[in-house]
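Below is upload-v6.pdb, holding PDB, C-alpha atoms.
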```
ATOM      1  CA  MET P  27     125.203-242.090-135.791  1.00  0.00           C
ATOM      2  CA  ARG P  28     122.452-239.485-136.304  1.00  0.00           C
ATOM      3  CA  LEU P  29     124.557-236.861-134.504  1.00  0.00           C
ATOM      4  CA  VAL P  30     127.613-237.633-136.625  1.00  0.00           C
ATOM      5  CA  TRP P  31     125.572-237.273-139.800  1.00  0.00           C
ATOM      6  CA  ALA P  32     123.973-234.016-138.651  1.00  0.00           C
ATOM      7  CA  ARG P  33     127.327-232.519-137.691  1.00  0.00           C
ATOM      8  CA  ALA P  34     128.881-233.545-140.999  1.00  0.00           C
ATOM      9  CA  ALA P  35     125.991-231.985-142.928  1.00  0.00           C
ATOM     10  CA  CYS P  36     125.956-228.686-141.031  1.00  0.00           C
ATOM     11  CA  SER P  37     129.745-228.341-141.178  1.00  0.00           C
ATOM     12  CA  HIS P  38     129.724-228.578-144.969  1.00  0.00           C
ATOM     13  CA  PRO P  39     130.489-225.168-146.535  1.00  0.00           C
ATOM     14  CA  ALA P  40     127.390-225.528-148.733  1.00  0.00           C
ATOM     15  CA  LEU P  41     125.243-225.107-145.600  1.00  0.00           C
ATOM     16  CA  SER P  42     127.360-223.088-143.179  1.00  0.00           C
ATOM     17  CA  ARG P  43     129.032-220.988-145.926  1.00  0.00           C
ATOM     18  CA  VAL P  44     132.186-221.247-143.806  1.00  0.00           C
ATOM     19  CA  SER P  45     135.160-223.501-144.441  1.00  0.00           C
ATOM     20  CA  ARG P  46     135.757-226.261-141.932  1.00  0.00           C
ATOM     21  CA  ALA P  47     139.111-224.697-141.059  1.00  0.00           C
ATOM     22  CA  HIS P  48     137.487-221.334-140.335  1.00  0.00           C
ATOM     23  CA  SER P  49     134.679-222.914-138.302  1.00  0.00           C
ATOM     24  CA  GLY P  50     137.357-224.668-136.248  1.00  0.00           C
ATOM     25  CA  GLU P  51     139.039-221.331-135.586  1.00  0.00           C
ATOM     26  CA  LEU P  52     135.697-219.804-134.613  1.00  0.00           C
ATOM     27  CA  LEU P  53     135.064-222.667-132.211  1.00  0.00           C
ATOM     28  CA  GLU P  54     138.450-222.216-130.521  1.00  0.00           C
ATOM     29  CA  GLU P  55     137.723-218.516-130.102  1.00  0.00           C
ATOM     30  CA  LEU P  56     134.089-218.709-128.975  1.00  0.00           C
ATOM     31  CA  ALA P  57     133.972-221.889-126.862  1.00  0.00           C
ATOM     32  CA  PRO P  58     135.820-220.359-123.845  1.00  0.00           C
ATOM     33  CA  LYS P  59     133.650-217.225-124.056  1.00  0.00           C
ATOM     34  CA  TRP P  60     130.470-219.296-124.190  1.00  0.00           C
ATOM     35  CA  GLN P  61     131.619-221.368-121.216  1.00  0.00           C
ATOM     36  CA  ALA P  62     132.461-218.231-119.235  1.00  0.00           C
ATOM     37  CA  ALA P  63     129.053-216.699-120.017  1.00  0.00           C
ATOM     38  CA  ARG P  64     127.328-219.927-119.021  1.00  0.00           C
ATOM     39  CA  GLU P  65     129.191-220.153-115.726  1.00  0.00           C
ATOM     40  CA  SER P  66     128.325-216.531-114.976  1.00  0.00           C
ATOM     41  CA  SER P  67     124.651-217.222-115.669  1.00  0.00           C
ATOM     42  CA  LEU P  68     124.677-220.336-113.481  1.00  0.00           C
ATOM     43  CA  HIS P  69     126.461-218.460-110.699  1.00  0.00           C
ATOM     44  CA  GLU P  70     123.777-215.783-110.754  1.00  0.00           C
ATOM     45  CA  ARG P  71     121.001-218.370-110.842  1.00  0.00           C
ATOM     46  CA  ARG P  72     122.478-220.310-107.909  1.00  0.00           C
ATOM     47  CA  GLY P  73     123.294-217.205-105.951  1.00  0.00           C
ATOM     48  CA  GLY P  74     126.835-218.415-105.341  1.00  0.00           C
ATOM     49  CA  ASP P  75     129.573-220.834-106.328  1.00  0.00           C
ATOM     50  CA  ARG P  76     128.834-224.294-107.710  1.00  0.00           C
ATOM     51  CA  ARG P  77     128.113-227.034-105.187  1.00  0.00           C
ATOM     52  CA  ARG P  78     129.190-229.925-107.394  1.00  0.00           C
ATOM     53  CA  ALA P  79     132.303-230.669-109.375  1.00  0.00           C
ATOM     54  CA  PRO P  80     132.523-229.410-112.974  1.00  0.00           C
ATOM     55  CA  GLY P  81     130.804-231.841-115.328  1.00  0.00           C
ATOM     56  CA  ALA P  82     128.195-232.967-112.822  1.00  0.00           C
ATOM     57  CA  GLY P  83     124.491-232.518-113.471  1.00  0.00           C
ATOM     58  CA  PRO P  84     122.552-232.657-116.761  1.00  0.00           C
ATOM     59  CA  LYS P  85     124.650-232.830-119.889  1.00  0.00           C
ATOM     60  CA  GLN P  86     124.336-230.304-122.676  1.00  0.00           C
ATOM     61  CA  ARG P  87     122.119-231.680-125.441  1.00  0.00           C
ATOM     62  CA  LEU P  88     124.174-229.809-128.022  1.00  0.00           C
ATOM     63  CA  ALA P  89     127.961-229.793-127.741  1.00  0.00           C
ATOM     64  CA  SER P  90     129.898-226.591-128.467  1.00  0.00           C
ATOM     65  CA  PRO P  91     130.685-227.509-132.100  1.00  0.00           C
ATOM     66  CA  ASP P  92     127.020-228.238-132.808  1.00  0.00           C
ATOM     67  CA  ARG P  93     125.834-225.041-131.133  1.00  0.00           C
ATOM     68  CA  LEU P  94     128.094-223.053-133.440  1.00  0.00           C
ATOM     69  CA  LEU P  95     127.081-225.034-136.524  1.00  0.00           C
ATOM     70  CA  VAL P  96     123.304-224.694-136.043  1.00  0.00           C
ATOM     71  CA  THR P  97     123.786-220.955-135.535  1.00  0.00           C
ATOM     72  CA  LEU P  98     125.837-220.550-138.711  1.00  0.00           C
ATOM     73  CA  VAL P  99     123.385-222.588-140.788  1.00  0.00           C
ATOM     74  CA  HIS P 100     120.426-220.633-139.412  1.00  0.00           C
ATOM     75  CA  LEU P 101     122.064-217.265-140.056  1.00  0.00           C
ATOM     76  CA  ARG P 102     123.231-218.182-143.555  1.00  0.00           C
ATOM     77  CA  LEU P 103     120.157-219.996-144.853  1.00  0.00           C
ATOM     78  CA  GLY P 104     117.365-218.936-142.497  1.00  0.00           C
ATOM     79  CA  LEU P 105     116.629-222.586-141.731  1.00  0.00           C
ATOM     80  CA  PRO P 106     113.902-222.719-139.035  1.00  0.00           C
ATOM     81  CA  HIS P 107     114.859-223.719-135.494  1.00  0.00           C
ATOM     82  CA  ALA P 108     112.390-226.609-135.662  1.00  0.00           C
ATOM     83  CA  ALA P 109     114.086-228.034-138.767  1.00  0.00           C
ATOM     84  CA  LEU P 110     117.518-227.895-137.137  1.00  0.00           C
ATOM     85  CA  ALA P 111     116.079-229.479-134.006  1.00  0.00           C
ATOM     86  CA  THR P 112     114.723-232.363-136.081  1.00  0.00           C
ATOM     87  CA  LEU P 113     118.102-232.783-137.714  1.00  0.00           C
ATOM     88  CA  TYR P 114     119.807-233.118-134.312  1.00  0.00           C
ATOM     89  CA  SER P 115     116.937-234.981-132.603  1.00  0.00           C
ATOM     90  CA  VAL P 116     116.567-232.349-129.874  1.00  0.00           C
ATOM     91  CA  ASP P 117     113.781-230.036-128.770  1.00  0.00           C
ATOM     92  CA  ARG P 118     113.340-226.788-130.657  1.00  0.00           C
ATOM     93  CA  SER P 119     113.946-224.784-127.486  1.00  0.00           C
ATOM     94  CA  THR P 120     117.429-226.329-127.283  1.00  0.00           C
ATOM     95  CA  VAL P 121     118.298-225.009-130.734  1.00  0.00           C
ATOM     96  CA  SER P 122     116.703-221.626-130.002  1.00  0.00           C
ATOM     97  CA  GLY P 123     118.761-221.264-126.832  1.00  0.00           C
ATOM     98  CA  ALA P 124     121.973-222.228-128.625  1.00  0.00           C
ATOM     99  CA  ILE P 125     121.374-219.753-131.440  1.00  0.00           C
ATOM    100  CA  ARG P 126     120.499-216.975-129.015  1.00  0.00           C
ATOM    101  CA  GLU P 127     123.728-217.468-127.042  1.00  0.00           C
ATOM    102  CA  VAL P 128     126.117-218.026-129.947  1.00  0.00           C
ATOM    103  CA  ARG P 129     124.621-215.237-132.011  1.00  0.00           C
ATOM    104  CA  ALA P 130     125.430-212.771-129.232  1.00  0.00           C
ATOM    105  CA  LEU P 131     129.045-213.966-129.221  1.00  0.00           C
ATOM    106  CA  LEU P 132     129.286-213.632-133.005  1.00  0.00           C
ATOM    107  CA  ALA P 133     127.791-210.135-132.907  1.00  0.00           C
ATOM    108  CA  ALA P 134     130.352-209.086-130.294  1.00  0.00           C
ATOM    109  CA  ARG P 135     133.098-210.070-132.746  1.00  0.00           C
ATOM    110  CA  GLY P 136     131.708-207.637-135.291  1.00  0.00           C
ATOM    111  CA  PHE P 137     131.017-208.169-138.986  1.00  0.00           C
ATOM    112  CA  ALA P 138     133.840-208.689-141.431  1.00  0.00           C
ATOM    113  CA  VAL P 139     134.079-206.184-144.273  1.00  0.00           C
ATOM    114  CA  PRO P 140     134.610-207.496-147.831  1.00  0.00           C
ATOM    115  CA  ASP P 141     138.073-206.710-149.218  1.00  0.00           C
ATOM    116  CA  HIS P 142     139.162-205.124-145.914  1.00  0.00           C
ATOM    117  CA  PRO P 143     140.997-207.794-143.871  1.00  0.00           C
ATOM    118  CA  GLY P 144     141.057-207.034-140.170  1.00  0.00           C
ATOM    119  CA  LEU P 145     138.276-204.429-140.317  1.00  0.00           C
ATOM    120  CA  ARG P 146     135.128-205.357-138.390  1.00  0.00           C
ATOM    121  CA  LEU P 147     131.899-203.434-137.881  1.00  0.00           C
ATOM    122  CA  ARG P 148     130.608-203.720-134.323  1.00  0.00           C
ATOM    123  CA  THR P 149     128.138-200.852-134.024  1.00  0.00           C
ATOM    124  CA  LEU P 150     125.638-198.967-136.139  1.00  0.00           C
ATOM    125  CA  GLU P 151     128.025-196.013-136.039  1.00  0.00           C
ATOM    126  CA  ASP P 152     130.795-198.196-137.482  1.00  0.00           C
ATOM    127  CA  LEU P 153     128.487-199.296-140.295  1.00  0.00           C
ATOM    128  CA  PHE P 154     127.470-195.796-141.394  1.00  0.00           C
ATOM    129  CA  ALA P 155     131.009-194.442-141.096  1.00  0.00           C
ATOM    130  CA  TYR P 156     132.228-197.270-143.341  1.00  0.00           C
ATOM    131  CA  ALA P 157     129.402-196.774-145.859  1.00  0.00           C
ATOM    132  CA  ASP P 158     130.108-193.030-145.928  1.00  0.00           C
ATOM    133  CA  ALA P 159     133.849-193.435-146.419  1.00  0.00           C
ATOM    134  CA  GLU P 160     133.634-196.190-149.037  1.00  0.00           C
ATOM    135  CA  GLY P 161     130.510-195.052-150.872  1.00  0.00           C
ATOM    136  CA  VAL P 162     128.701-198.328-150.100  1.00  0.00           C
ATOM    137  CA  ARG P 163     124.967-198.410-150.819  1.00  0.00           C
ATOM    138  CA  LEU P 164     123.177-200.137-147.946  1.00  0.00           C
ATOM    139  CA  ARG P 165     120.133-202.374-147.930  1.00  0.00           C
ATOM    140  CA  ILE P 166     117.789-202.283-144.960  1.00  0.00           C
ATOM    141  CA  ASP P 167     115.440-205.168-144.314  1.00  0.00           C
ATOM    142  CA  GLY P 168     113.395-206.706-141.543  1.00  0.00           C
ATOM    143  CA  THR P 169     112.834-210.410-140.905  1.00  0.00           C
ATOM    144  CA  GLU P 170     110.743-212.433-138.504  1.00  0.00           C
ATOM    145  CA  VAL P 171     111.939-215.500-136.632  1.00  0.00           C
ATOM    146  CA  GLN P 172     109.728-217.844-134.633  1.00  0.00           C
ATOM    147  CA  VAL P 173     110.792-218.076-131.005  1.00  0.00           C
ATOM    148  CA  HIS P 174     109.765-220.153-128.007  1.00  0.00           C
ATOM    149  CA  ARG P 175     106.313-219.101-126.822  1.00  0.00           C
ATOM    150  CA  PRO P 176     106.500-217.324-123.430  1.00  0.00           C
ATOM    151  CA  ARG P 177     104.467-218.891-120.669  1.00  0.00           C
ATOM    152  CA  SER P 178     100.860-217.843-120.312  1.00  0.00           C
ATOM    153  CA  GLY P 179     100.443-214.881-117.994  1.00  0.00           C
ATOM    154  CA  ARG P 180     104.086-213.898-118.236  1.00  0.00           C
ATOM    155  CA  PRO P 181     104.591-210.092-118.372  1.00  0.00           C
ATOM    156  CA  GLY P 182     105.275-208.816-121.879  1.00  0.00           C
ATOM    157  CA  ARG P 183     104.053-212.016-123.544  1.00  0.00           C
ATOM    158  CA  LYS P 184     101.837-210.191-126.049  1.00  0.00           C
ATOM    159  CA  ALA P 185     104.725-208.032-127.246  1.00  0.00           C
ATOM    160  CA  PHE P 186     106.245-211.047-128.997  1.00  0.00           C
ATOM    161  CA  VAL P 187     103.132-211.863-131.033  1.00  0.00           C
ATOM    162  CA  SER P 188     103.520-210.582-134.566  1.00  0.00           C
ATOM    163  CA  GLY P 189     100.402-209.068-136.046  1.00  0.00           C
ATOM    164  CA  LYS P 190     101.522-210.226-139.486  1.00  0.00           C
ATOM    165  CA  LYS P 191     102.348-213.851-138.752  1.00  0.00           C
ATOM    166  CA  ARG P 192      99.991-214.331-135.820  1.00  0.00           C
ATOM    167  CA  GLN P 193     102.647-216.170-133.856  1.00  0.00           C
ATOM    168  CA  ASN P 194     105.311-215.392-131.319  1.00  0.00           C
ATOM    169  CA  THR P 195     108.226-213.847-133.174  1.00  0.00           C
ATOM    170  CA  ILE P 196     111.041-211.385-132.832  1.00  0.00           C
ATOM    171  CA  LYS P 197     112.243-209.124-135.600  1.00  0.00           C
ATOM    172  CA  THR P 198     115.822-208.448-136.550  1.00  0.00           C
ATOM    173  CA  THR P 199     116.917-205.542-138.708  1.00  0.00           C
ATOM    174  CA  PHE P 200     119.641-206.327-141.228  1.00  0.00           C
ATOM    175  CA  SER P 201     121.854-203.859-143.059  1.00  0.00           C
ATOM    176  CA  ASP P 202     123.381-205.342-146.189  1.00  0.00           C
ATOM    177  CA  ALA P 203     125.765-204.132-148.858  1.00  0.00           C
ATOM    178  CA  GLN P 204     125.560-205.930-152.189  1.00  0.00           C
ATOM    179  CA  GLY P 205     123.820-208.854-150.517  1.00  0.00           C
ATOM    180  CA  ARG P 206     126.526-209.343-147.858  1.00  0.00           C
ATOM    181  CA  THR P 207     125.642-208.823-144.204  1.00  0.00           C
ATOM    182  CA  LEU P 208     127.474-205.898-142.636  1.00  0.00           C
ATOM    183  CA  PHE P 209     125.466-205.401-139.453  1.00  0.00           C
ATOM    184  CA  SER P 210     122.640-207.064-137.570  1.00  0.00           C
ATOM    185  CA  GLY P 211     120.432-204.745-135.567  1.00  0.00           C
ATOM    186  CA  ALA P 212     119.019-205.254-132.118  1.00  0.00           C
ATOM    187  CA  ILE P 213     116.456-207.977-131.456  1.00  0.00           C
ATOM    188  CA  ARG P 214     113.065-206.520-130.669  1.00  0.00           C
ATOM    189  CA  PRO P 215     109.494-207.693-129.946  1.00  0.00           C
ATOM    190  CA  GLY P 216     107.522-208.945-132.927  1.00  0.00           C
ATOM    191  CA  ARG P 217     104.758-206.372-132.526  1.00  0.00           C
ATOM    192  CA  MET P 218     107.181-203.487-132.916  1.00  0.00           C
ATOM    193  CA  HIS P 219     106.863-202.005-136.402  1.00  0.00           C
ATOM    194  CA  ASP P 220     109.977-201.657-138.552  1.00  0.00           C
ATOM    195  CA  GLN P 221     109.621-197.887-138.573  1.00  0.00           C
ATOM    196  CA  THR P 222     109.441-197.794-134.773  1.00  0.00           C
ATOM    197  CA  ALA P 223     112.608-199.875-134.608  1.00  0.00           C
ATOM    198  CA  VAL P 224     114.321-197.304-136.835  1.00  0.00           C
ATOM    199  CA  ARG P 225     113.716-194.708-134.130  1.00  0.00           C
ATOM    200  CA  THR P 226     114.665-196.849-131.151  1.00  0.00           C
ATOM    201  CA  GLU P 227     117.840-198.193-132.781  1.00  0.00           C
ATOM    202  CA  GLY P 228     119.030-194.790-133.985  1.00  0.00           C
ATOM    203  CA  VAL P 229     119.010-195.513-137.738  1.00  0.00           C
ATOM    204  CA  ALA P 230     117.377-192.183-138.589  1.00  0.00           C
ATOM    205  CA  GLU P 231     119.953-190.351-136.494  1.00  0.00           C
ATOM    206  CA  GLN P 232     122.752-191.980-138.488  1.00  0.00           C
ATOM    207  CA  PHE P 233     121.224-190.763-141.761  1.00  0.00           C
ATOM    208  CA  HIS P 234     121.226-187.229-140.334  1.00  0.00           C
ATOM    209  CA  ARG P 235     124.896-187.590-139.403  1.00  0.00           C
ATOM    210  CA  HIS P 236     125.890-189.113-142.749  1.00  0.00           C
ATOM    211  CA  PRO P 237     123.943-187.301-145.488  1.00  0.00           C
ATOM    212  CA  ARG P 238     125.999-188.964-148.243  1.00  0.00           C
ATOM    213  CA  VAL P 239     124.940-192.505-147.291  1.00  0.00           C
ATOM    214  CA  ARG P 240     122.400-194.072-149.652  1.00  0.00           C
ATOM    215  CA  ALA P 241     120.203-197.075-148.881  1.00  0.00           C
ATOM    216  CA  GLU P 242     117.479-199.295-150.292  1.00  0.00           C
ATOM    217  CA  ALA P 243     114.756-200.483-147.911  1.00  0.00           C
ATOM    218  CA  ASP P 244     111.722-202.740-147.991  1.00  0.00           C
ATOM    219  CA  GLU P 245     108.181-201.384-147.735  1.00  0.00           C
ATOM    220  CA  GLY P 246     108.242-201.512-143.934  1.00  0.00           C
ATOM    221  CA  TYR P 247     110.645-198.562-143.967  1.00  0.00           C
ATOM    222  CA  ARG P 248     108.606-196.324-146.273  1.00  0.00           C
ATOM    223  CA  GLY P 249     108.433-193.704-143.526  1.00  0.00           C
ATOM    224  CA  LEU P 250     112.220-193.566-143.485  1.00  0.00           C
ATOM    225  CA  ALA P 251     112.236-193.075-147.265  1.00  0.00           C
ATOM    226  CA  ASN P 252     109.717-190.233-146.900  1.00  0.00           C
ATOM    227  CA  GLU P 253     111.895-188.535-144.300  1.00  0.00           C
ATOM    228  CA  PHE P 254     115.108-188.987-146.284  1.00  0.00           C
ATOM    229  CA  PRO P 255     113.952-188.943-149.930  1.00  0.00           C
ATOM    230  CA  GLY P 256     117.417-188.204-151.240  1.00  0.00           C
ATOM    231  CA  GLN P 257     119.051-190.997-149.264  1.00  0.00           C
ATOM    232  CA  VAL P 258     116.575-193.866-148.844  1.00  0.00           C
ATOM    233  CA  SER P 259     114.510-195.532-151.550  1.00  0.00           C
ATOM    234  CA  ALA P 260     111.590-197.888-150.833  1.00  0.00           C
ATOM    235  CA  PRO P 261     109.125-199.633-153.151  1.00  0.00           C
ATOM    236  CA  PRO P 262     105.912-197.716-153.842  1.00  0.00           C
ATOM    237  CA  GLU P 263     102.883-198.556-151.765  1.00  0.00           C
ATOM    238  CA  SER P 264     100.780-201.325-153.243  1.00  0.00           C
ATOM    239  CA  PRO P 265      97.389-200.121-154.481  1.00  0.00           C
ATOM    240  CA  ARG P 266      94.521-201.241-152.303  1.00  0.00           C
ATOM    241  CA  ALA P 267      92.117-203.750-153.745  1.00  0.00           C
ATOM    242  CA  THR P 268      89.000-202.094-155.101  1.00  0.00           C
ATOM    243  CA  ARG P 269      85.815-203.317-153.469  1.00  0.00           C
ATOM    244  CA  LEU P 270      82.949-204.078-155.812  1.00  0.00           C
TER     245      LEU P 270
END
```
Could you express the structure from this file as structure tokens?
Amino acid sequence: MRLVWARAACSHPALSRVSRAHSGELLEELAPKWQAARESSLHERRGGDRRRAPGAGPKQRLASPDRLLVTLVHLRLGLPHAALATLYSVDRSTVSGAIREVRALLAARGFAVPDHPGLRLRTLEDLFAYADAEGVRLRIDGTEVQVHRPRSGRPGRKAFVSGKKRQNTIKTTFSDAQGRTLFSGAIRPGRMHDQTAVRTEGVAEQFHRHPRVRAEADEGYRGLANEFPGQVSAPPESPRATRL
């Protein structure tokens, strides 16, 4: 009963921002791809073909429809993984794994462009070419998302500890036009500064290639605004508190 209620809530357009008909189409498209990716991962982990019949072994705690729904709700509303896990009565790591897998499948589809049916942006180059051609003013932002804490002693564990939030996070760069997501940048360790991500992801290079593109950015990208003063605007630096 709890699962039925959770699925009904997350499938409502008020939460997922997607009609039930469209979410059904997405499920038909992504479910086979998710299954194929899962089988490939299991094959690599086993080092060979499966030893038991399909369906044997532990059952998935989240069915395909629910994996898609928790991902859509998280992406649309930023609802924490732990909250979604409580809603479905599963562990947070289960939700985190589902979102990580489904998000990759959604990103591979590309981002739909408002008022341009059939056009999808799949790369950073696609985004800047579209913004240049259509005169779209971009918004650049960075967010932090709590992720499952890596095991103690695991290589690279400290890279996922954000200095700002003091917890294990990853950052995702978003490029928006008029509040609508057009592209989601690469996932990177929480300790990596936004400005460093600009270099590693090639954002600065795209501004060089498209001098007519204009963008607004948060304070984390002030270095980008200093380098491209005619293209990127960022809020002024907050004055430091005066010590008495």
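Closest to P:Leu88 among P:Leu53, P:Arg33, P:Ala109, P:Pro39 is P:Arg33, based on all atoms listed in the file.
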Return the single residue from P:His48, P:Arg71, P:Arg87, P:Arg129 that is closest to P:Leu29, with distances computed using all atoms listed in the file.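 Once distances to P:Leu29 are computed over all atoms listed in the file, the minimum belongs to P:Arg87.
Summary of the local environment: counting all atoms listed in the file, residues at most 7 Å from P:Ala111, other than itself and those fewer than 6 positions away along its chain, are Asp117, Arg118 and Val121 of chain P.
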Using the selection just defined, write its residues with C-alpha atoms as a PDB file, in the coordinates of the input.
```pdb
ATOM      1  CA  ASP P 117     113.781-230.036-128.770  1.00  0.00           C
ATOM      2  CA  ARG P 118     113.340-226.788-130.657  1.00  0.00           C
ATOM      3  CA  VAL P 121     118.298-225.009-130.734  1.00  0.00           C
TER       4      VAL P 121
END
```
Using Å and a single decimal, report how far atom CA of P:Leu98 sits from atom CA of P:His38. 10.9 Å
Would you write out, as a PyMOL selection string, every residue that the PyMOL selection byres ((chain P and resi 232) around 12) captures in this file? chain P and resi 149-158+224-231+233-241+250+254+257
P:Tyr114 environment, 12 Å, all atoms listed in the file, sequence neighbours closer than 6 positions dropped, as a PyMOL selection string: chain P and resi 27-36+87-89+92-93+95-96+107-108+120-121
Tell me which residues the PyMOL selection byres ((chain P and resi 147) around 12) grabs here, as a PyMOL selection string. chain P and resi 132-140+142-146+148-157+201+207-211
Suppose we keep C-alpha atoms; can you now write the selection as a CSV table (one decimal), in the frame of the given file?
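Output (part-v9.csv):
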```csv
chain,number,residue,atom,x,y,z
P,132,LEU,CA,129.3,-213.6,-133.0
P,133,ALA,CA,127.8,-210.1,-132.9
P,134,ALA,CA,130.4,-209.1,-130.3
P,135,ARG,CA,133.1,-210.1,-132.7
P,136,GLY,CA,131.7,-207.6,-135.3
P,137,PHE,CA,131.0,-208.2,-139.0
P,138,ALA,CA,133.8,-208.7,-141.4
P,139,VAL,CA,134.1,-206.2,-144.3
P,140,PRO,CA,134.6,-207.5,-147.8
P,142,HIS,CA,139.2,-205.1,-145.9
P,143,PRO,CA,141.0,-207.8,-143.9
P,144,GLY,CA,141.1,-207.0,-140.2
P,145,LEU,CA,138.3,-204.4,-140.3
P,146,ARG,CA,135.1,-205.4,-138.4
P,148,ARG,CA,130.6,-203.7,-134.3
P,149,THR,CA,128.1,-200.9,-134.0
P,150,LEU,CA,125.6,-199.0,-136.1
P,151,GLU,CA,128.0,-196.0,-136.0
P,152,ASP,CA,130.8,-198.2,-137.5
P,153,LEU,CA,128.5,-199.3,-140.3
P,154,PHE,CA,127.5,-195.8,-141.4
P,155,ALA,CA,131.0,-194.4,-141.1
P,156,TYR,CA,132.2,-197.3,-143.3
P,157,ALA,CA,129.4,-196.8,-145.9
P,201,SER,CA,121.9,-203.9,-143.1
P,207,THR,CA,125.6,-208.8,-144.2
P,208,LEU,CA,127.5,-205.9,-142.6
P,209,PHE,CA,125.5,-205.4,-139.5
P,210,SER,CA,122.6,-207.1,-137.6
P,211,GLY,CA,120.4,-204.7,-135.6
```
What is the distance between atom CA of P:Leu131 and atom CA of P:Ser49, in Å to one decimal?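 About the pair atom CA of P:Leu131 and atom CA of P:Ser49: they are 13.9 Å apart.
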So, with all atoms listed in the file as the atoms that count, which of P:Gln86, P:Ser259, P:Thr97, P:Gln61 lies closest to P:Ser122? P:Thr97
For a test of reading the model, state the distance in Å between atom CA of P:Ala243 and atom CA of P:Val258, rounded to one decimal.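 According to the coordinates, atom CA of P:Ala243 and atom CA of P:Val258 are separated by 6.9 Å.
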Give as a list in words the residues that the PyMOL selection byres ((chain P and resi 103) around 10) matches when applied to the coordinates above. Ala40, Leu41, Ser42, Arg43, Leu98, Val99, His100, Leu101, Arg102, Gly104, Leu105 and Pro106 of chain P
Put those residues in a file: C-alpha atoms, as a compact mmCIF listing (two decimals), keeping the file's coordinate frame.
```txt
# COMPACT_ATOMS: atom_id res chain seq x y z
CA ALA P 40 127.39 -225.53 -148.73
CA LEU P 41 125.24 -225.11 -145.60
CA SER P 42 127.36 -223.09 -143.18
CA ARG P 43 129.03 -220.99 -145.93
CA LEU P 98 125.84 -220.55 -138.71
CA VAL P 99 123.38 -222.59 -140.79
CA HIS P 100 120.43 -220.63 -139.41
CA LEU P 101 122.06 -217.26 -140.06
CA ARG P 102 123.23 -218.18 -143.56
CA GLY P 104 117.36 -218.94 -142.50
CA LEU P 105 116.63 -222.59 -141.73
CA PRO P 106 113.90 -222.72 -139.04
```
Of the candidates P:Ala251, P:Val44, P:Ala62, P:Leu52, which shows the shortest atom-to-atom distance to P:Ile166, using all atoms listed in the file? P:Ala251
From the options P:Gly249, P:Gly74, P:Ser90, P:Glu263, which residue's atoms come nearest to P:Ala57, counting all atoms listed in the file?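 Looking only at the distances to P:Ala57, the closest residue turns out to be P:Ser90.
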Complete the atom set of stretch 109-118 of chain P to N, CA, C and O atoms and return it as a short mmCIF file (atom, residue, chain, number, x, y, z; two decimals), in the frame of the given file.
```cif
data_model
loop_
_atom_site.label_atom_id
_atom_site.label_comp_id
_atom_site.auth_asym_id
_atom_site.auth_seq_id
_atom_site.Cartn_x
_atom_site.Cartn_y
_atom_site.Cartn_z
N ALA P 109 113.44 -227.14 -137.80
CA ALA P 109 114.09 -228.03 -138.77
C ALA P 109 115.45 -228.48 -138.26
O ALA P 109 115.83 -229.65 -138.37
N LEU P 110 116.21 -227.56 -137.69
CA LEU P 110 117.52 -227.90 -137.14
C LEU P 110 117.37 -228.83 -135.94
O LEU P 110 118.20 -229.72 -135.74
N ALA P 111 116.32 -228.61 -135.16
CA ALA P 111 116.08 -229.48 -134.01
C ALA P 111 115.78 -230.90 -134.46
O ALA P 111 116.24 -231.88 -133.86
N THR P 112 115.01 -231.04 -135.53
CA THR P 112 114.72 -232.36 -136.08
C THR P 112 115.99 -233.03 -136.58
O THR P 112 116.20 -234.24 -136.39
N LEU P 113 116.85 -232.25 -137.19
CA LEU P 113 118.10 -232.78 -137.71
C LEU P 113 118.97 -233.36 -136.60
O LEU P 113 119.60 -234.41 -136.76
N TYR P 114 118.97 -232.69 -135.44
CA TYR P 114 119.81 -233.12 -134.31
C TYR P 114 119.05 -233.96 -133.28
O TYR P 114 119.63 -234.34 -132.26
N SER P 115 117.76 -234.20 -133.53
CA SER P 115 116.94 -234.98 -132.60
C SER P 115 116.90 -234.37 -131.21
O SER P 115 117.07 -235.06 -130.20
N VAL P 116 116.71 -233.05 -131.14
CA VAL P 116 116.57 -232.35 -129.87
C VAL P 116 115.32 -231.49 -129.93
O VAL P 116 114.69 -231.34 -130.99
N ASP P 117 114.94 -230.91 -128.81
CA ASP P 117 113.78 -230.04 -128.77
C ASP P 117 114.12 -228.70 -129.43
O ASP P 117 115.26 -228.26 -129.41
N ARG P 118 113.10 -228.06 -130.00
CA ARG P 118 113.34 -226.79 -130.66
C ARG P 118 113.89 -225.74 -129.71
O ARG P 118 114.70 -224.88 -130.08
#
```
